[in-house]
Amino acid sequence: MSLAAATNENLANISNTLIYSSMAVYTLAFFAHIAEWVFGSRSKVGRTAAALTGSDTAGPTVKAQAAQNAGGTAVLDRPRIVTRSAAGTRDVPDGPGAAGGTFKGDLWGRIAVSLTVVAFAVQAGGVVARAASVQRAPWGNMYEFSITFSTVAVGAYLTLLALRKNVRWIGLLLVTTVLLDLGIATTTLYTDSDQLVPALHSYWLWIHVSTAIICGAVFYLGAVGTLLYLFRDSYENKLAGGGTPGKFAASVLERLPSAKSLDTFSYRINAAVFPLWTFTIIAGAIWAGDAWGRYWGWDPKEVWSFITWVAYACYLHARATAGWKGRKAAYLALIAFGCWLFNYYGVNIFVTGKHSYAGV
């Protein structure tokens, strides 16, 4: 074995070690986020319920009354739930977050974020080592795409936190998804380091695939916000209608941002990255023209990329149309992200086409 080959093999082993190490740290972050939600559930203030009580009083209220018994223990009155006066409208403040306003919950949340930062750095190191071992962009197959995708998703989340956006509520779902992604990548999708087929030897690999990864990662964050919006909206509707949600649902959903905030977050995320997805498809067409002599050939990957584009275009149009705001538009957003997932997993694994050279 030549010195160069030995060096590349060592770099590949280092990459694998770093990826597995990041999974261990992500696991610690997962349990820290669980602790954040558990300690946050001990908050005794019914914030969302209080926000839906009365007419225009802002913020949660807590009434403590001295008990007349010997213990003299303060008790909390359960807020009275009434329907809002303006039909179809709600003025609900954002929940306090997973920590629930508790010191212990917030402490565990900060620990979880810190662990996520460490895991992200280790995982990014694994991606860089993989690139060094193959001396090319580290996304020539599904394994490399997967480890890079989850790295970018975490990086986008941490960037929003650094910009002081209220997104720590994504943390638990994000870390869980990353662990699933890396688990599938290392067990099912793993491919040894190797060089690319001639068609992929192009600078368009860096442009086209990198933008596809960024789009997928951001679309994922939007899908999480959309899914939680549907749950939170149902929760607020039940409270506004005088219903009583279950204890678990109330404990979790009352700490999320309001349905309006989640809806706005998802819309802005999807709208912001949609132009980049448009560019991704255009860049892929230009690359196809250089590699295969045609810009569009109805290859399964090309078709599903276009279907995904159409689905998100329909969502954005529906979201901007008064009659399709809210839940209907949210369903379209989830369908669009489902198209993106099928374009990645379904087309690559089950459908044969010109993109099959990427392997599993």
# chains A, B, ... in the order shown; residues from 1 in each chain; ligands from 1
$ residues_around --residues "region 296-312 of chain A" --least-positions-apart "6" --cutoff "10 Å" --atoms "only C-alpha atoms" --output "PyMOL selection string"
chain A and resi 212+219+270-271+274-275+277-278+280-281+284-286+288-289+318+332-344+346-348+351-356
$ residues_around --residues "region 254-260 of chain A" --least-positions-apart "4" --cutoff "9 Å" --atoms "only C-alpha atoms" --output "VMD selection string"
chain A and resid 40 to 41 46 to 49 90 to 100 166 to 167 169 228 to 236 249 to 250 264 to 265 326
$ closest_residue --among "A:Ala291, A:Ile213, A:Ala313, A:Ala124" --to "Ser22 (chain A)" --atoms "only C-alpha atoms"
A:Ala124
$ select_by_dssp --residues "region 102-338 of chain A" --states "helix (DSSP H, G or I)" --output "PyMOL selection string"
chain A and resi 103-134+142-162+168-187+198-200+204-240+247-253+259-292+300-319+322-324+327-338
$ closest_residue --among "A:Val38, A:Ile184, A:Asn141, A:Val118" --to "Tyr26 (chain A)" --atoms "only C-alpha atoms"
A:Val118
$ closest_atom_pairs --of "region 172-287 of chain A" --to "region 3-20 of chain A" --cutoff "12 Å" --atoms "only C-alpha atoms" --output "tab-separated table"
residue	atom	partner	partner_atom	distance
A:Val178	CA	A:Ile19	CA	11.4
A:Leu179	CA	A:Tyr20	CA	10.2
A:Asp181	CA	A:Ile19	CA	11.5
A:Leu182	CA	A:Ile19	CA	7.9
A:Gly183	CA	A:Tyr20	CA	9.2
A:Ala185	CA	A:Ile19	CA	10.0
A:Thr186	CA	A:Tyr20	CA	8.4
A:Thr187	CA	A:Tyr20	CA	11.2
A:Tyr190	CA	A:Asn16	CA	10.0
A:Thr191	CA	A:Ala12	CA	10.8
A:Asp192	CA	A:Ala12	CA	8.2
A:Ser193	CA	A:Ala12	CA	6.8
A:Asp194	CA	A:Asn8	CA	9.8
A:Gln195	CA	A:Asn8	CA	11.5
$ atom_distance --atom1 "CA of Thr148 (chain A)" --atom2 "CA of Gly109 (chain A)"
25.0 Å
$ closest_residue --among "A:Gly126, A:Gly243, A:Gly171, A:Gly155" --to "Trp37 (chain A)" --atoms "only C-alpha atoms"
A:Gly171
$ residues_around --residues "Val273 (chain A)" --least-positions-apart "6" --cutoff "9 Å" --atoms "only C-alpha atoms" --output "ChimeraX atom specification"
/A:214-215,218-219
$ closest_residue --among "A:Thr27, A:Ser133, A:Ser114, A:Thr188" --to "Ile349 (chain A)" --atoms "only C-alpha atoms"
A:Thr188
$ residues_around --residues "Gly225 (chain A)" --least-positions-apart "5" --cutoff "8 Å" --atoms "only C-alpha atoms" --output "mmCIF file with all heavy atoms, in the first residue's frame"
data_model
loop_
_atom_site.group_PDB
_atom_site.id
_atom_site.type_symbol
_atom_site.label_atom_id
_atom_site.label_comp_id
_atom_site.auth_asym_id
_atom_site.auth_seq_id
_atom_site.Cartn_x
_atom_site.Cartn_y
_atom_site.Cartn_z
ATOM 1 N N ILE A 170 -36.760 23.624 19.489
ATOM 2 C CA ILE A 170 -36.460 22.662 18.426
ATOM 3 C C ILE A 170 -35.464 21.612 18.904
ATOM 4 O O ILE A 170 -35.391 20.515 18.360
ATOM 5 C CB ILE A 170 -35.885 23.386 17.185
ATOM 6 C CG1 ILE A 170 -36.899 24.372 16.622
ATOM 7 C CG2 ILE A 170 -35.470 22.398 16.093
ATOM 8 C CD1 ILE A 170 -36.386 25.150 15.419
ATOM 9 N N LEU A 262 -45.336 30.009 15.607
ATOM 10 C CA LEU A 262 -44.829 28.825 14.910
ATOM 11 C C LEU A 262 -45.166 28.884 13.425
ATOM 12 O O LEU A 262 -44.347 28.516 12.574
ATOM 13 C CB LEU A 262 -45.422 27.565 15.537
ATOM 14 C CG LEU A 262 -44.910 27.208 16.928
ATOM 15 C CD1 LEU A 262 -45.753 26.082 17.536
ATOM 16 C CD2 LEU A 262 -43.448 26.793 16.874
ATOM 17 N N ASP A 263 -46.374 29.344 13.109
ATOM 18 C CA ASP A 263 -46.784 29.468 11.713
ATOM 19 C C ASP A 263 -45.896 30.472 10.987
ATOM 20 O O ASP A 263 -45.442 30.235 9.862
ATOM 21 C CB ASP A 263 -48.248 29.892 11.654
ATOM 22 C CG ASP A 263 -48.762 29.983 10.225
ATOM 23 O OD1 ASP A 263 -48.475 29.072 9.426
ATOM 24 O OD2 ASP A 263 -49.465 30.961 9.916
ATOM 25 N N PHE A 265 -42.850 31.431 11.867
ATOM 26 C CA PHE A 265 -41.489 30.883 11.778
ATOM 27 C C PHE A 265 -41.351 29.941 10.594
ATOM 28 O O PHE A 265 -40.413 30.064 9.796
ATOM 29 C CB PHE A 265 -41.159 30.148 13.086
ATOM 30 C CG PHE A 265 -39.917 29.314 13.016
ATOM 31 C CD1 PHE A 265 -38.667 29.894 13.159
ATOM 32 C CD2 PHE A 265 -39.989 27.942 12.815
ATOM 33 C CE1 PHE A 265 -37.506 29.126 13.084
ATOM 34 C CE2 PHE A 265 -38.851 27.165 12.749
ATOM 35 C CZ PHE A 265 -37.600 27.757 12.887
ATOM 36 N N SER A 266 -42.277 29.020 10.459
ATOM 37 C CA SER A 266 -42.210 28.043 9.374
ATOM 38 C C SER A 266 -42.300 28.714 8.012
ATOM 39 O O SER A 266 -41.569 28.372 7.084
ATOM 40 C CB SER A 266 -43.325 27.005 9.527
ATOM 41 O OG SER A 266 -43.242 26.363 10.780
#
$ residues_around --residues "Trp108 (chain A)" --least-positions-apart "5" --cutoff "8 Å" --atoms "only C-alpha atoms" --output "list in words"
Ala32, His33, Ala35 and Glu36 of chain A
$ residues_around --residues "Val117 (chain A)" --least-positions-apart "5" --cutoff "9 Å" --atoms "only C-alpha atoms" --output "PyMOL selection string"
chain A and resi 112+122+154-155+158
$ write_last_selection --atoms "N, CA, C and O atoms" --output "tab-separated table (two decimals), in the first residue's frame"
chain	number	residue	atom	x	y	z
A	112	ALA	N	-27.67	21.23	27.49
A	112	ALA	CA	-28.00	20.53	26.24
A	112	ALA	C	-27.47	21.28	25.03
A	112	ALA	O	-26.91	20.68	24.11
A	122	VAL	N	-17.50	18.15	16.64
A	122	VAL	CA	-16.90	16.84	16.39
A	122	VAL	C	-17.41	16.26	15.08
A	122	VAL	O	-16.64	15.71	14.28
A	154	VAL	N	-27.86	21.04	12.17
A	154	VAL	CA	-27.47	21.49	13.51
A	154	VAL	C	-26.83	22.87	13.44
A	154	VAL	O	-27.07	23.73	14.29
A	155	GLY	N	-26.00	23.09	12.41
A	155	GLY	CA	-25.37	24.39	12.25
A	155	GLY	C	-26.39	25.50	12.06
A	155	GLY	O	-26.24	26.60	12.61
A	158	LEU	N	-27.99	26.18	15.49
A	158	LEU	CA	-27.09	26.92	16.37
A	158	LEU	C	-26.92	28.36	15.90
A	158	LEU	O	-26.76	29.28	16.72
